[in-house]
file start_5.cif (mmCIF, C-alpha atoms and all ligand atoms)
data_protein
loop_
_atom_site.label_atom_id
_atom_site.label_comp_id
_atom_site.auth_asym_id
_atom_site.auth_seq_id
_atom_site.Cartn_x
_atom_site.Cartn_y
_atom_site.Cartn_z
CA MET Z 5 108.77 -50.70 -2.99
CA ALA Z 6 109.61 -52.74 -6.08
CA ASP Z 7 107.68 -55.97 -5.61
CA HIS Z 8 105.77 -55.61 -8.84
CA ASP Z 9 106.77 -55.60 -12.51
CA VAL Z 10 103.88 -53.38 -13.56
CA LEU Z 11 101.79 -50.71 -11.82
CA VAL Z 12 98.37 -50.24 -13.38
CA ILE Z 13 96.84 -46.92 -12.37
CA GLY Z 14 93.05 -47.27 -12.58
CA GLY Z 15 90.99 -50.46 -12.35
CA GLY Z 16 88.27 -49.61 -14.91
CA PRO Z 17 87.82 -51.76 -18.04
CA ALA Z 18 91.13 -50.62 -19.60
CA GLY Z 19 93.24 -51.15 -16.47
CA ALA Z 20 91.50 -54.38 -15.50
CA THR Z 21 92.05 -55.84 -18.98
CA ALA Z 22 95.74 -54.86 -19.11
CA ALA Z 23 96.22 -56.27 -15.59
CA TYR Z 24 94.33 -59.48 -16.42
CA ARG Z 25 96.39 -60.16 -19.56
CA LEU Z 26 99.70 -59.35 -17.83
CA ALA Z 27 98.89 -61.46 -14.76
CA LYS Z 28 98.00 -64.36 -17.08
CA LEU Z 29 101.39 -63.92 -18.78
CA GLY Z 30 103.08 -64.29 -15.39
CA TYR Z 31 103.86 -60.64 -14.54
CA ARG Z 32 103.53 -59.36 -10.99
CA VAL Z 33 100.91 -56.63 -11.34
CA LEU Z 34 99.61 -54.06 -8.87
CA ILE Z 35 96.41 -52.14 -9.67
CA ILE Z 36 95.93 -48.84 -7.82
CA ASP Z 37 92.50 -47.18 -7.87
CA LYS Z 38 91.24 -44.17 -5.97
CA ALA Z 39 87.79 -45.75 -5.63
CA ARG Z 40 86.69 -48.83 -3.74
CA PHE Z 41 84.94 -51.43 -5.89
CA PRO Z 42 82.15 -51.96 -6.69
CA ARG Z 43 82.04 -48.28 -7.60
CA PRO Z 44 79.76 -46.27 -9.92
CA LYS Z 45 81.06 -44.82 -13.19
CA LEU Z 46 78.99 -42.34 -15.16
CA CYS Z 47 78.20 -44.07 -18.45
CA GLY Z 48 75.32 -44.87 -20.80
CA GLY Z 49 76.33 -48.50 -20.43
CA MET Z 50 75.85 -49.32 -24.12
CA VAL Z 51 77.74 -52.51 -25.01
CA SER Z 52 78.14 -53.00 -28.77
CA LEU Z 53 78.64 -56.28 -30.59
CA LYS Z 54 82.36 -55.58 -31.05
CA THR Z 55 82.65 -55.12 -27.26
CA VAL Z 56 80.86 -58.44 -26.64
CA ASN Z 57 83.23 -60.07 -29.16
CA ILE Z 58 86.38 -58.67 -27.60
CA ILE Z 59 85.26 -59.73 -24.12
CA LYS Z 60 84.78 -63.26 -25.48
CA ALA Z 61 88.22 -63.19 -27.11
CA ILE Z 62 90.01 -61.94 -23.97
CA TYR Z 63 88.03 -63.39 -21.08
CA GLY Z 64 86.26 -66.33 -22.75
CA ASP Z 65 82.77 -65.24 -21.61
CA ASP Z 66 80.04 -65.40 -24.22
CA LEU Z 67 76.85 -63.36 -24.16
CA ALA Z 68 74.88 -65.99 -22.21
CA GLU Z 69 77.57 -66.03 -19.51
CA LEU Z 70 77.73 -62.23 -19.37
CA ARG Z 71 73.97 -62.16 -18.83
CA ALA Z 72 74.06 -64.92 -16.23
CA LYS Z 73 76.81 -63.05 -14.35
CA LYS Z 74 74.77 -59.81 -14.54
CA VAL Z 75 77.55 -58.04 -16.46
CA ILE Z 76 74.91 -57.26 -19.09
CA ASP Z 77 71.52 -56.47 -17.58
CA TYR Z 78 69.35 -55.55 -20.57
CA SER Z 79 69.24 -56.33 -24.30
CA THR Z 80 66.99 -55.09 -27.07
CA ASP Z 81 66.81 -55.39 -30.83
CA GLY Z 82 65.13 -52.00 -31.28
CA TYR Z 83 66.57 -48.50 -31.50
CA GLU Z 84 65.64 -45.00 -32.57
CA ILE Z 85 67.66 -42.10 -33.97
CA SER Z 86 65.87 -38.76 -34.04
CA TYR Z 87 66.30 -35.05 -34.47
CA ARG Z 88 64.68 -33.14 -31.59
CA LEU Z 89 62.35 -36.15 -31.12
CA THR Z 90 61.37 -36.28 -34.80
CA SER Z 91 62.39 -39.78 -35.84
CA ILE Z 92 65.01 -40.19 -38.53
CA MET Z 93 65.52 -43.93 -38.12
CA VAL Z 94 63.35 -46.28 -36.05
CA LYS Z 95 63.66 -50.02 -35.93
CA GLY Z 96 61.50 -52.34 -33.87
CA THR Z 97 63.69 -55.28 -34.71
CA SER Z 98 67.18 -55.17 -36.11
CA HIS Z 99 69.49 -58.05 -36.89
CA ILE Z 100 71.98 -56.97 -34.18
CA GLU Z 101 70.99 -56.50 -30.54
CA PHE Z 102 72.06 -53.60 -28.32
CA HIS Z 103 73.21 -54.65 -24.86
CA LEU Z 104 73.26 -52.44 -21.79
CA ALA Z 105 75.24 -52.68 -18.59
CA ASP Z 106 75.30 -51.03 -15.20
CA ARG Z 107 78.94 -50.00 -14.77
CA VAL Z 108 78.87 -50.84 -11.04
CA ASP Z 109 78.59 -54.55 -11.90
CA TYR Z 110 80.43 -54.41 -15.23
CA ASP Z 111 83.62 -52.88 -13.86
CA ALA Z 112 83.60 -54.93 -10.65
CA TYR Z 113 83.38 -58.10 -12.73
CA PHE Z 114 86.46 -57.36 -14.88
CA LEU Z 115 88.47 -56.12 -11.92
CA GLY Z 116 87.52 -59.38 -10.17
CA ARG Z 117 88.86 -61.34 -13.16
CA ALA Z 118 92.17 -59.46 -12.98
CA ARG Z 119 92.38 -60.21 -9.24
CA ALA Z 120 91.56 -63.89 -9.82
CA ALA Z 121 94.34 -64.03 -12.43
CA GLY Z 122 96.81 -62.90 -9.74
CA ALA Z 123 96.89 -59.07 -9.88
CA ASP Z 124 97.19 -57.27 -6.52
CA LEU Z 125 94.97 -54.30 -5.71
CA VAL Z 126 95.30 -51.12 -3.66
CA GLU Z 127 91.91 -49.40 -3.62
CA GLY Z 128 90.57 -46.22 -2.09
CA GLU Z 129 93.91 -44.42 -2.56
CA ALA Z 130 94.51 -41.90 -5.36
CA VAL Z 131 97.74 -41.48 -7.27
CA VAL Z 132 98.60 -37.80 -6.91
CA LYS Z 133 101.96 -37.67 -8.67
CA VAL Z 134 103.82 -39.69 -11.28
CA ASP Z 135 107.57 -39.46 -11.74
CA LEU Z 136 108.34 -40.53 -15.31
CA GLU Z 137 112.11 -40.51 -14.72
CA GLU Z 138 111.99 -42.81 -11.70
CA ASN Z 139 108.94 -44.87 -12.75
CA ALA Z 140 107.39 -44.05 -9.40
CA VAL Z 141 103.88 -43.12 -8.30
CA PHE Z 142 102.95 -41.28 -5.13
CA LEU Z 143 99.61 -41.82 -3.40
CA SER Z 144 97.33 -39.49 -1.45
CA THR Z 145 98.11 -41.54 1.65
CA GLY Z 146 101.85 -40.84 1.39
CA LYS Z 147 102.75 -44.30 0.04
CA ALA Z 148 104.98 -44.60 -3.02
CA TYR Z 149 105.38 -47.45 -5.49
CA LYS Z 150 107.98 -48.06 -8.13
CA ALA Z 151 108.07 -50.65 -10.91
CA ARG Z 152 109.69 -51.32 -14.26
CA PHE Z 153 106.49 -50.38 -16.12
CA ILE Z 154 103.50 -48.13 -15.45
CA ILE Z 155 100.18 -48.33 -17.31
CA GLY Z 156 98.06 -45.19 -17.12
CA ALA Z 157 94.44 -46.41 -17.15
CA ASP Z 158 93.11 -43.64 -14.95
CA GLY Z 159 90.44 -42.24 -17.21
CA ALA Z 160 89.70 -38.87 -18.80
CA ASN Z 161 91.42 -36.82 -16.05
CA SER Z 162 94.49 -39.06 -16.03
CA VAL Z 163 97.31 -38.03 -13.71
CA VAL Z 164 99.66 -40.20 -15.77
CA ARG Z 165 98.82 -38.16 -18.88
CA GLN Z 166 99.31 -35.00 -16.81
CA ALA Z 167 102.86 -36.19 -16.10
CA PHE Z 168 103.46 -36.46 -19.87
CA ILE Z 169 102.08 -32.92 -20.24
CA ARG Z 170 104.15 -31.58 -17.33
CA ASP Z 171 107.33 -32.98 -18.84
CA GLY Z 172 106.47 -31.26 -22.14
CA LEU Z 173 105.92 -34.55 -23.95
CA CYS Z 174 102.37 -33.74 -25.04
CA ASP Z 175 100.21 -30.68 -25.37
CA LYS Z 176 97.67 -29.63 -22.72
CA ARG Z 177 95.75 -27.23 -24.97
CA GLU Z 178 95.27 -29.79 -27.75
CA TRP Z 179 94.00 -32.34 -25.23
CA HIS Z 180 91.41 -29.96 -23.76
CA ASP Z 181 90.40 -28.72 -27.19
CA GLN Z 182 88.74 -32.05 -27.99
CA MET Z 183 87.11 -32.73 -24.62
CA ALA Z 184 83.36 -33.21 -24.40
CA SER Z 185 81.27 -32.65 -21.34
CA CYS Z 186 78.61 -35.25 -20.49
CA LEU Z 187 75.71 -35.11 -18.06
CA GLU Z 188 73.43 -37.93 -17.01
CA VAL Z 189 70.51 -38.73 -14.76
CA TYR Z 190 69.35 -42.17 -13.71
CA ILE Z 191 65.59 -42.61 -13.35
CA ASP Z 192 63.81 -45.63 -11.85
CA ARG Z 193 61.63 -47.55 -14.30
CA ALA Z 194 58.75 -47.22 -11.84
CA GLU Z 195 58.93 -43.42 -12.25
CA VAL Z 196 58.59 -43.42 -16.05
CA GLY Z 197 56.08 -46.24 -16.28
CA ASP Z 198 56.56 -49.83 -17.39
CA GLY Z 199 57.07 -50.38 -21.08
CA LYS Z 200 58.21 -46.81 -21.73
CA PHE Z 201 61.59 -46.29 -23.40
CA PRO Z 202 62.19 -49.98 -24.23
CA HIS Z 203 64.91 -49.16 -26.82
CA PRO Z 204 67.98 -46.95 -26.88
CA MET Z 205 67.34 -43.52 -28.40
CA LEU Z 206 69.97 -41.21 -29.87
CA VAL Z 207 68.68 -37.67 -30.22
CA PHE Z 208 70.41 -34.93 -32.22
CA GLY Z 209 69.61 -31.24 -32.19
CA PHE Z 210 69.72 -30.49 -28.45
CA VAL Z 211 73.47 -30.23 -28.06
CA LYS Z 212 75.96 -29.14 -30.72
CA TRP Z 213 78.68 -31.57 -31.87
CA GLY Z 214 77.29 -34.34 -29.72
CA TYR Z 215 73.92 -35.84 -28.96
CA ALA Z 216 71.44 -36.70 -26.23
CA TRP Z 217 70.37 -40.22 -25.34
CA VAL Z 218 67.93 -42.39 -23.46
CA PHE Z 219 69.35 -45.82 -22.68
CA PRO Z 220 67.19 -48.42 -20.92
CA ASN Z 221 68.51 -50.72 -18.22
CA LYS Z 222 66.57 -53.47 -16.43
CA ASP Z 223 65.44 -51.31 -13.48
CA ARG Z 224 66.14 -47.77 -14.67
CA ILE Z 225 66.61 -45.53 -17.67
CA VAL Z 226 69.69 -43.43 -18.27
CA VAL Z 227 69.02 -39.99 -19.78
CA GLY Z 228 72.04 -37.97 -20.80
CA LEU Z 229 73.81 -35.76 -23.27
CA GLY Z 230 77.32 -34.87 -24.27
CA GLY Z 231 79.01 -32.55 -26.72
CA LEU Z 232 82.29 -30.82 -27.48
CA VAL Z 233 82.81 -28.10 -24.88
CA LYS Z 234 84.30 -25.61 -27.37
CA LYS Z 235 81.26 -25.89 -29.70
CA ASN Z 236 78.73 -25.29 -26.91
CA LYS Z 237 80.22 -22.19 -25.30
CA GLY Z 238 77.72 -19.88 -23.66
CA ARG Z 239 75.21 -22.68 -23.03
CA LYS Z 240 74.80 -24.51 -19.76
CA PHE Z 241 74.72 -28.27 -20.29
CA SER Z 242 72.44 -28.65 -17.26
CA GLU Z 243 69.86 -26.33 -18.87
CA ILE Z 244 70.01 -28.29 -22.13
CA LEU Z 245 69.49 -31.51 -20.19
CA GLY Z 246 66.47 -29.94 -18.44
CA GLU Z 247 65.06 -28.98 -21.84
CA PHE Z 248 65.62 -32.54 -23.10
CA LEU Z 249 63.89 -34.08 -20.05
CA SER Z 250 60.89 -31.78 -20.54
CA ALA Z 251 60.69 -32.70 -24.23
CA LEU Z 252 60.65 -36.37 -23.22
CA GLN Z 253 57.80 -35.50 -20.80
CA ILE Z 254 59.54 -37.24 -17.95
CA LYS Z 255 58.20 -36.07 -14.61
CA THR Z 256 59.67 -37.69 -11.53
CA ARG Z 257 58.41 -37.51 -7.98
CA ALA Z 258 61.90 -37.53 -6.52
CA PRO Z 259 64.31 -34.79 -7.69
CA VAL Z 260 66.78 -36.14 -10.22
CA LYS Z 261 70.47 -35.99 -9.47
CA ILE Z 262 72.46 -34.60 -12.40
CA GLN Z 263 76.00 -35.99 -12.64
CA GLY Z 264 78.77 -34.98 -15.03
CA HIS Z 265 81.96 -36.47 -16.39
CA PRO Z 266 84.28 -35.46 -19.25
CA ILE Z 267 84.98 -37.69 -22.20
CA PRO Z 268 87.87 -37.49 -24.67
CA TYR Z 269 86.06 -36.88 -27.92
CA GLY Z 270 88.52 -36.74 -30.78
CA ASN Z 271 91.91 -36.46 -29.06
CA PHE Z 272 93.09 -40.00 -29.81
CA ASP Z 273 95.95 -38.95 -32.08
CA LEU Z 274 98.01 -36.83 -29.70
CA ASN Z 275 101.56 -38.05 -29.13
CA PRO Z 276 103.04 -39.59 -27.14
CA VAL Z 277 100.97 -42.41 -25.70
CA ALA Z 278 104.01 -44.27 -24.46
CA ASN Z 279 107.67 -43.90 -23.57
CA GLU Z 280 109.93 -46.87 -22.85
CA SER Z 281 108.26 -47.66 -19.53
CA VAL Z 282 104.90 -45.84 -19.36
CA ILE Z 283 101.83 -46.50 -21.54
CA LEU Z 284 98.42 -44.81 -21.68
CA VAL Z 285 95.31 -46.89 -22.33
CA GLY Z 286 91.54 -46.33 -22.53
CA ASP Z 287 90.23 -42.81 -21.81
CA ALA Z 288 93.65 -41.77 -20.48
CA GLY Z 289 95.03 -42.21 -24.00
CA GLY Z 290 91.99 -40.52 -25.58
CA TYR Z 291 90.75 -43.80 -27.09
CA VAL Z 292 87.05 -43.08 -27.44
CA ASP Z 293 85.04 -43.13 -30.65
CA PRO Z 294 84.73 -39.45 -31.72
CA LEU Z 295 81.35 -40.04 -33.35
CA TRP Z 296 79.33 -42.06 -30.80
CA GLY Z 297 81.48 -41.58 -27.69
CA GLU Z 298 81.80 -45.34 -27.28
CA GLY Z 299 84.79 -46.13 -25.08
CA LEU Z 300 84.29 -49.61 -23.64
CA TYR Z 301 85.49 -51.50 -26.70
CA LEU Z 302 88.66 -49.41 -26.97
CA ALA Z 303 89.27 -49.63 -23.21
CA HIS Z 304 89.42 -53.43 -23.42
CA ARG Z 305 91.32 -53.41 -26.72
CA THR Z 306 94.00 -50.85 -25.78
CA GLY Z 307 94.43 -52.61 -22.40
CA GLU Z 308 95.11 -55.82 -24.32
CA LEU Z 309 97.44 -54.11 -26.83
CA ALA Z 310 99.42 -52.49 -24.00
CA ALA Z 311 99.91 -55.85 -22.27
CA GLU Z 312 101.10 -57.43 -25.52
CA ALA Z 313 103.51 -54.55 -26.27
CA LEU Z 314 104.92 -54.72 -22.77
CA ASP Z 315 105.41 -58.47 -23.08
CA ARG Z 316 107.24 -58.02 -26.42
CA ARG Z 317 109.43 -55.38 -24.78
CA THR Z 318 110.37 -57.79 -21.98
CA LYS Z 319 110.82 -60.94 -24.05
CA CYS Z 320 112.18 -59.64 -27.37
CA GLY Z 321 113.57 -56.23 -26.35
CA GLU Z 322 111.26 -54.45 -28.82
CA SER Z 323 110.92 -50.72 -28.19
CA LEU Z 324 107.74 -50.09 -26.23
CA THR Z 325 107.20 -46.68 -27.80
CA THR Z 326 107.54 -48.02 -31.32
CA SER Z 327 105.58 -51.24 -30.92
CA TYR Z 328 102.64 -49.82 -28.94
CA THR Z 329 102.45 -46.59 -30.89
CA SER Z 330 102.65 -48.27 -34.27
CA VAL Z 331 99.90 -50.79 -33.54
CA ILE Z 332 97.72 -48.05 -32.01
CA LYS Z 333 98.22 -45.84 -35.04
CA ALA Z 334 97.57 -48.65 -37.53
CA GLU Z 335 94.58 -50.23 -35.85
CA VAL Z 336 92.96 -47.65 -33.58
CA CYS Z 337 93.82 -44.16 -34.82
CA ARG Z 338 93.22 -44.90 -38.48
CA GLU Z 339 89.67 -46.10 -37.76
CA LEU Z 340 88.97 -43.24 -35.34
CA ALA Z 341 90.25 -40.72 -37.91
CA TRP Z 342 87.52 -41.92 -40.28
CA ALA Z 343 84.95 -41.62 -37.49
CA LYS Z 344 86.12 -38.07 -36.83
CA TRP Z 345 85.78 -37.24 -40.51
CA LEU Z 346 82.23 -38.65 -40.50
CA ARG Z 347 81.46 -36.56 -37.43
CA ARG Z 348 82.44 -33.41 -39.27
CA PHE Z 349 80.31 -34.49 -42.18
CA SER Z 350 77.23 -35.36 -40.12
CA PHE Z 351 77.22 -33.10 -37.02
CA HIS Z 352 77.70 -29.87 -38.92
CA PRO Z 353 74.71 -30.40 -41.30
CA LEU Z 354 72.46 -31.15 -38.32
CA ASN Z 355 72.39 -27.43 -37.65
CA THR Z 356 71.14 -26.43 -41.12
CA LYS Z 357 67.74 -27.48 -42.35
CA CYS Z 358 68.59 -28.23 -45.97
CA ASN Z 359 71.59 -30.41 -45.13
CA PHE Z 360 69.54 -32.10 -42.44
CA VAL Z 361 67.05 -33.34 -45.05
CA PHE Z 362 69.95 -34.72 -47.07
CA LEU Z 363 71.33 -36.45 -43.99
CA LYS Z 364 67.93 -37.94 -43.20
CA ILE Z 365 67.69 -39.47 -46.68
CA LEU Z 366 71.21 -40.81 -46.36
CA LEU Z 367 70.59 -42.37 -42.94
CA ARG Z 368 67.35 -43.96 -44.07
CA SER Z 369 68.89 -45.47 -47.17
CA LEU Z 370 71.90 -46.84 -45.28
CA THR Z 371 70.09 -48.00 -42.13
CA LYS Z 372 71.54 -51.51 -42.03
CA GLN Z 373 75.06 -50.36 -42.90
CA ILE Z 374 75.04 -47.66 -40.21
CA LEU Z 375 73.83 -50.09 -37.58
CA GLU Z 376 76.61 -52.47 -38.60
CA MET Z 377 79.11 -49.61 -38.39
CA ILE Z 378 78.04 -48.81 -34.80
CA HIS Z 379 78.55 -52.45 -33.86
CA GLY Z 380 81.92 -52.79 -35.62
CA VAL Z 381 80.65 -55.25 -38.24
CA ARG Z 382 81.67 -52.59 -40.77
CA SER Z 383 84.61 -50.25 -40.64
CA TYR Z 384 84.10 -46.46 -40.75
CA ARG Z 385 86.33 -46.67 -43.81
CA TRP Z 386 83.91 -46.92 -46.74
CA LEU Z 387 81.69 -49.17 -44.61
CA ARG Z 388 83.90 -52.16 -45.34
CA ARG Z 389 82.83 -55.44 -43.73
CA ARG Z 390 85.00 -56.77 -40.91
CA LYS Z 391 85.02 -60.55 -40.65
CA GLU Z 392 85.97 -60.63 -36.96
CA ASN Z 393 82.77 -58.91 -35.85
CA ALA Z 394 80.23 -60.74 -38.06
CA PRO Z 395 76.96 -61.12 -36.13
C1 LIG P 1 78.30 -39.89 -19.60
C2 LIG P 1 79.10 -40.92 -20.31
C3 LIG P 1 78.42 -41.91 -21.03
C4 LIG P 1 79.14 -42.91 -21.69
N1 LIG P 1 78.45 -43.91 -22.33
C5 LIG P 1 79.14 -44.92 -22.93
C6 LIG P 1 78.43 -46.01 -23.50
O1 LIG P 1 77.21 -46.07 -23.48
N2 LIG P 1 79.16 -47.01 -24.07
C7 LIG P 1 80.53 -46.98 -24.12
O2 LIG P 1 81.14 -47.90 -24.69
N3 LIG P 1 81.22 -45.95 -23.54
C8 LIG P 1 80.56 -44.94 -22.95
N4 LIG P 1 81.25 -43.93 -22.33
C9 LIG P 1 82.73 -43.97 -22.33
C10 LIG P 1 83.23 -44.98 -21.28
O3 LIG P 1 82.62 -44.75 -20.05
C11 LIG P 1 84.75 -44.83 -21.11
O4 LIG P 1 85.36 -44.78 -22.38
C12 LIG P 1 85.34 -46.01 -20.32
O5 LIG P 1 84.86 -46.00 -19.01
C13 LIG P 1 86.85 -45.94 -20.33
O6 LIG P 1 87.38 -46.92 -19.46
P1 LIG P 1 88.77 -46.66 -18.70
O7 LIG P 1 89.07 -47.91 -17.98
O8 LIG P 1 89.74 -46.09 -19.65
O9 LIG P 1 88.46 -45.47 -17.68
P2 LIG P 1 87.44 -45.40 -16.46
O10 LIG P 1 86.30 -46.33 -16.66
O11 LIG P 1 87.15 -43.95 -16.27
O12 LIG P 1 88.29 -45.94 -15.23
C14 LIG P 1 89.33 -45.18 -14.69
C15 LIG P 1 89.61 -45.66 -13.28
O13 LIG P 1 90.73 -44.93 -12.79
C16 LIG P 1 90.50 -44.54 -11.46
N5 LIG P 1 91.27 -43.32 -11.22
C17 LIG P 1 91.10 -42.11 -11.77
N6 LIG P 1 92.02 -41.24 -11.31
C18 LIG P 1 92.79 -41.94 -10.45
C19 LIG P 1 93.90 -41.60 -9.63
N7 LIG P 1 94.39 -40.34 -9.61
N8 LIG P 1 94.45 -42.56 -8.86
C20 LIG P 1 93.95 -43.82 -8.87
N9 LIG P 1 92.89 -44.19 -9.60
C21 LIG P 1 92.33 -43.27 -10.39
C22 LIG P 1 88.99 -44.31 -11.39
O14 LIG P 1 88.51 -44.44 -10.06
C23 LIG P 1 88.47 -45.40 -12.31
O15 LIG P 1 88.15 -46.57 -11.62
C24 LIG P 1 80.57 -42.90 -21.67
C25 LIG P 1 81.24 -41.91 -20.96
C26 LIG P 1 80.52 -40.92 -20.30
C27 LIG P 1 81.27 -39.88 -19.51
#
call {"tool": "encode", "arguments": {"input": "start_5.cif", "output": "structure tokens"}}
result
Amino acid sequence: MADHDVLVIGGGPAGATAAYRLAKLGYRVLIIDKARFPRPKLCGGMVSLKTVNIIKAIYGDDLAELRAKKVIDYSTDGYEISYRLTSIMVKGTSHIEFHLADRVDYDAYFLGRARAAGADLVEGEAVVKVDLEENAVFLSTGKAYKARFIIGADGANSVVRQAFIRDGLCDKREWHDQMASCLEVYIDRAEVGDGKFPHPMLVFGFVKWGYAWVFPNKDRIVVGLGGLVKKNKGRKFSEILGEFLSALQIKTRAPVKIQGHPIPYGNFDLNPVANESVILVGDAGGYVDPLWGEGLYLAHRTGELAAEALDRRTKCGESLTTSYTSVIKAEVCRELAWAKWLRRFSFHPLNTKCNFVFLKILLRSLTKQILEMIHGVRSYRWLRRRKENAP
């Protein structure tokens, strides 16, 4: 079948954004997702200021509209960063709010926008094979689709990336080397007591080269942790999560359901991310912040960049590989490389007492700057201010 110009594999934030932009530009787009929407996606649901800003730029929705449409379900101006529950930084009120979303509603909303813009959708059918030579995808149901372009937006376990690996275009070992494992549990607010955990908490010291978190939503709290798999060998993540829950003194009547999902955590700079007809975006391309694990901003942004590169390819004949890769390297990889450097600088000392004290002093003296860095108001590069994300 060749009724579409572009096949977008995966309808999460990256795929939905690419599809939305392309449909708006007049392309015939088909999104294929193995899940049926609304569907859950394991995530802390933290939405930073730069994510709110990019949503406004792409979709035109401001914060008030996102709240009214239940895309964002909780906001708070407080936060806490601690080491094994000893506070390093606590703020009751900061000048930038943290927003939180339930991914069931968040993802369904953006997929709905792509559909409303004209993108078609096949849901509940997984892509099981991608033929990079023929630009064809094969589904679990036996169907096959072919188009001029394919966008791989199918998350951390991307089958489109696997096709790049299979054809020897990128390295499997390097990709797995930088994967982090994440576990989460969702707990009803009624179980933990009203007023408890009103702010997001980032907690270091439980997991190596990663962190644990408690993120509040309107009706529940999300408790989780994630860290580089290779740095936590010999330790069961589920046991560490149990230890963290006990330290938080959370006792629930109903047994909690532990869920896990991988996250690319520092593998953003592995080539290639595109050939002349196939592009990887979002988690499939490894575009996740290697310090905080934030992926929503980059999912929307790389989805947008892919749509623009594809449009330039069609209208001006620009090489897709060159134009997408060069903008990704200049804008995304350079910033993430600084974040990765900061990770090395900050995660390693957390395991030694003397360096930890130094880090604590540093964090306390740069509280405002670090908060602005998390929200994208400042770049990781020497904490330079970025005009586009001013609060
Ligand atoms: C535990 C955890 C907590 C996180 N917390 C945060 C946070 O607080 N804030 C933040 O910004 N980021 C967070 N992230 C990262 C964020 O969730 C991801 O970066 C983001 O979801 C990436 O979006 P995406 O569209 O690239 O991929 P996804 O959201 O994973 O979407 C991929 C889509 O592809 C579909 N798919 C997969 N395989 C196939 C297939 N074979 N065929 C068809 N469809 C397929 C899936 O069903 C899915 O709908 C977290 C991640 C984890 C694991």
call {"tool": "closest_residue", "arguments": {"input": "start_5.cif", "among": "Z:Asp273, Z:Glu188, Z:Glu339, Z:Asp171", "to": "Ala216 of chain Z", "atoms": "all atoms listed in the file"}}
result
Z:Glu188
call {"tool": "residues_near_ligand", "arguments": {"input": "start_5.cif", "ligand": "ligand LIG 1 (chain P)", "cutoff": "7 Å", "atoms": "only C-alpha atoms and all ligand atoms", "output": "JSON, numbers by chain"}}
result
{"Z": [13, 14, 15, 16, 17, 18, 19, 36, 37, 38, 39, 45, 46, 47, 48, 49, 50, 51, 129, 130, 131, 132, 157, 158, 159, 160, 161, 162, 163, 186, 187, 188, 228, 230, 264, 265, 266, 267, 285, 286, 287, 288, 292, 297, 298, 299, 300, 301, 303]}
call {"tool": "residues_around", "arguments": {"input": "start_5.cif", "residues": "Pro42 of chain Z", "least_positions_apart": "3", "cutoff": "7 Å", "atoms": "all atoms listed in the file", "output": "list of chain:residue names"}}
result
Z:Val108, Z:Asp109, Z:Ala112
call {"tool": "closest_residue", "arguments": {"input": "start_5.cif", "among": "Z:Asp9, Z:Glu84, Z:Glu280, Z:Glu69", "to": "Thr325 of chain Z", "atoms": "all atoms listed in the file"}}
result
Z:Glu280
call {"tool": "residues_around", "arguments": {"input": "start_5.cif", "residues": "segment 175-180 of chain Z", "least_positions_apart": "5", "cutoff": "12 Å", "atoms": "all atoms listed in the file", "output": "list in words"}}
result
Ala160, Asn161, Ser162, Arg165, Gln166, Ala167, Phe168, Ile169, Arg170, Ser185, Leu232, Val233, Lys234, Pro266, Ile267, Pro268, Tyr269, Gly270, Asn271, Phe272, Asp273, Leu274, Asn275, Pro276, Val277, Asp287, Ala288, Gly289 and Gly290 of chain Z
call {"tool": "atom_distance", "arguments": {"input": "start_5.cif", "atom1": "atom CA of Ile155 of chain Z", "atom2": "atom CA of Leu136 of chain Z"}}
result
11.5 Å
call {"tool": "closest_residue", "arguments": {"input": "start_5.cif", "among": "Z:Ala27, Z:Leu206, Z:Ala20, Z:Met93", "to": "Ile365 of chain Z", "atoms": "all atoms listed in the file"}}
result
Z:Met93
call {"tool": "residues_around", "arguments": {"input": "start_5.cif", "residues": "Gln373 of chain Z", "least_positions_apart": "4", "cutoff": "10 Å", "atoms": "all atoms listed in the file", "output": "JSON, numbers by chain"}}
result
{"Z": [367, 369, 377, 378, 379, 381, 382, 383, 387, 388, 389]}
call {"tool": "residues_around", "arguments": {"input": "start_5.cif", "residues": "Asn279 of chain Z", "least_positions_apart": "4", "cutoff": "10 Å", "atoms": "only C-alpha atoms", "output": "PyMOL selection string"}}
result
chain Z and resi 136+153+168+173+283-284+323-326+328-329
call {"tool": "atom_distance", "arguments": {"input": "start_5.cif", "atom1": "atom CA of Tyr63 of chain Z", "atom2": "atom CA of Arg390 of chain Z"}}
result
21.1 Å
call {"tool": "residues_near_point", "arguments": {"input": "start_5.cif", "point": "(60.6, -49.0, -35.4)", "cutoff": "12 Å", "atoms": "all atoms listed in the file", "output": "VMD selection string"}}
result
chain Z and resid 81 to 86 91 to 98 202 to 205 371
call {"tool": "write_last_selection", "arguments": {"input": "start_5.cif", "atoms": "C-alpha atoms", "output": "mmCIF file, in the frame of the given file"}}
result
data_model
loop_
_atom_site.group_PDB
_atom_site.id
_atom_site.type_symbol
_atom_site.label_atom_id
_atom_site.label_comp_id
_atom_site.auth_asym_id
_atom_site.auth_seq_id
_atom_site.Cartn_x
_atom_site.Cartn_y
_atom_site.Cartn_z
ATOM 1 C CA ASP Z 81 66.810 -55.390 -30.830
ATOM 2 C CA GLY Z 82 65.130 -52.000 -31.280
ATOM 3 C CA TYR Z 83 66.570 -48.500 -31.500
ATOM 4 C CA GLU Z 84 65.640 -45.000 -32.570
ATOM 5 C CA ILE Z 85 67.660 -42.100 -33.970
ATOM 6 C CA SER Z 86 65.870 -38.760 -34.040
ATOM 7 C CA SER Z 91 62.390 -39.780 -35.840
ATOM 8 C CA ILE Z 92 65.010 -40.190 -38.530
ATOM 9 C CA MET Z 93 65.520 -43.930 -38.120
ATOM 10 C CA VAL Z 94 63.350 -46.280 -36.050
ATOM 11 C CA LYS Z 95 63.660 -50.020 -35.930
ATOM 12 C CA GLY Z 96 61.500 -52.340 -33.870
ATOM 13 C CA THR Z 97 63.690 -55.280 -34.710
ATOM 14 C CA SER Z 98 67.180 -55.170 -36.110
ATOM 15 C CA PRO Z 202 62.190 -49.980 -24.230
ATOM 16 C CA HIS Z 203 64.910 -49.160 -26.820
ATOM 17 C CA PRO Z 204 67.980 -46.950 -26.880
ATOM 18 C CA MET Z 205 67.340 -43.520 -28.400
ATOM 19 C CA THR Z 371 70.090 -48.000 -42.130
#
